[in-house]
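One structure is given here, and the rest of the page talks about it.
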Amino acid sequence: MDIQKLYSYVRRAFTDYAMIQEGDHVAVGISGGKDSLTLLYALAGLRKFYPDHFSLQAVTVNLGYKEMNFEEVRKLCTKLNVPYTVIDTKIYDILNAHDNGKPFCSLCARLRRGALKNAMTELGCNKLAYAHHMDDVIETALLSLLYEGQFYCFPPVTKQDSFTVIRPMIYLPESMVKGFANQYQLPVVSNPCPYDNHSRRSDVKDMIANLHRTNKYYKKNIFHAVTKTEEWTKCHM
């Protein structure tokens, strides 16, 4: 996938869900994975010509894994002219203290969100961009259906206490994100979490992949169903 195609998908999400307004200061949550680095690339480019002017601030919540080095990410931010801040935390130590052989994904997510929220306040950001793509949407909806008995997925725009969460990559299939990351040789930082591929989400991802082999329309239909839910329609332009 080339850069212009990336811009078109993200710009469509901007327009459909009014994600950006004039003067927004957007924090981009950078985990170091292919998704967040692709989002950074897209927003840095769109910032130059999108009708509503906005500024960017890249933010990484460092969980405390010694194996993770964000120096190459910092160089990419410099190349894209995006200020970059790394928030050092002891989240790994907290999780390690609670480890009984089971994943603590929800606790980890809450701690990361709290650190990001504090950073946004200090940096003066009013919006936070997450790199959830189309496959994330589909997986989340099925997770909700299978484990909670309801059909729900995070909406494209979510109002928080003092800021707004936006998800500009919702129209991008994960395969395109992978293609972009490879084509542009993005400096992906490996995730050392021992539960990264051993969770309910990874199980659902495998299930969807198996279904997709028999019918290529399954994913498209599930995504279409999500866009018709109340949470999504009420924030559509």
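Labeling convention for the structure tokens: chains A, B, ... as they appear, residues from 1 per chain, ligands from 1 in order of appearance.
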
Discussion item. When you look at Asp2 (chain A) with a cut-off of 12 Å (counting only C-alpha atoms), what residues show up, excluding the ones that are within fewer than 2 positions of it in the same chain? I need them as a PyMOL selection string.
Written reply: chain A and resi 4-9+38+41-42+176-184

Shell around Val82 (chain A) at 8 Å using only C-alpha atoms, local window under 3 positions removed, as a compact mmCIF listing (two decimals) with N, CA and C atoms, in the first residue's frame:
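The resulting out_7.txt:
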```txt
# COMPACT_ATOMS: atom_id res chain seq x y z
N ALA A 44 1.05 12.52 10.22
CA ALA A 44 2.11 13.49 9.92
C ALA A 44 1.98 14.02 8.51
N LEU A 56 0.51 17.72 16.13
CA LEU A 56 0.71 16.36 16.62
C LEU A 56 1.72 16.31 17.76
N GLN A 57 1.54 15.30 18.59
CA GLN A 57 2.49 14.98 19.65
C GLN A 57 2.51 13.47 19.80
N ALA A 58 3.62 12.83 19.50
CA ALA A 58 3.74 11.39 19.67
C ALA A 58 4.08 11.07 21.12
N CYS A 77 10.23 9.94 14.34
CA CYS A 77 9.48 11.15 14.73
C CYS A 77 10.25 12.41 14.31
N THR A 78 11.55 12.39 14.48
CA THR A 78 12.37 13.52 14.04
C THR A 78 12.26 13.70 12.53
N LYS A 79 12.30 12.59 11.80
CA LYS A 79 12.17 12.64 10.34
C LYS A 79 10.82 13.22 9.93
```

Worksheet item: With only C-alpha atoms as the atoms that count, which of A:Ser162, A:Thr121, A:Tyr130, A:Val137 lies nearest to His224 (chain A)?
Response: A:Val137

Discussion item. Just checking: using only C-alpha atoms, which residue out of A:Thr15, A:Thr227, A:Asn191, A:Thr214 ends up closest to Gly33 (chain A)?
Written reply: A:Asn191

Item to complete: Counting only C-alpha atoms, figure out which residue out of A:Arg200, A:Phe163, A:Glu231, A:Leu172 gets nearest to Met120 (chain A).
Response: A:Phe163

Worksheet item: Using only C-alpha atoms, which residue out of A:Asn69, A:Ser144, A:Thr60, A:Gln150 lies closest to Ala115 (chain A)?
Response: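 With only C-alpha atoms as the atom set, the closest residue is A:Thr60.
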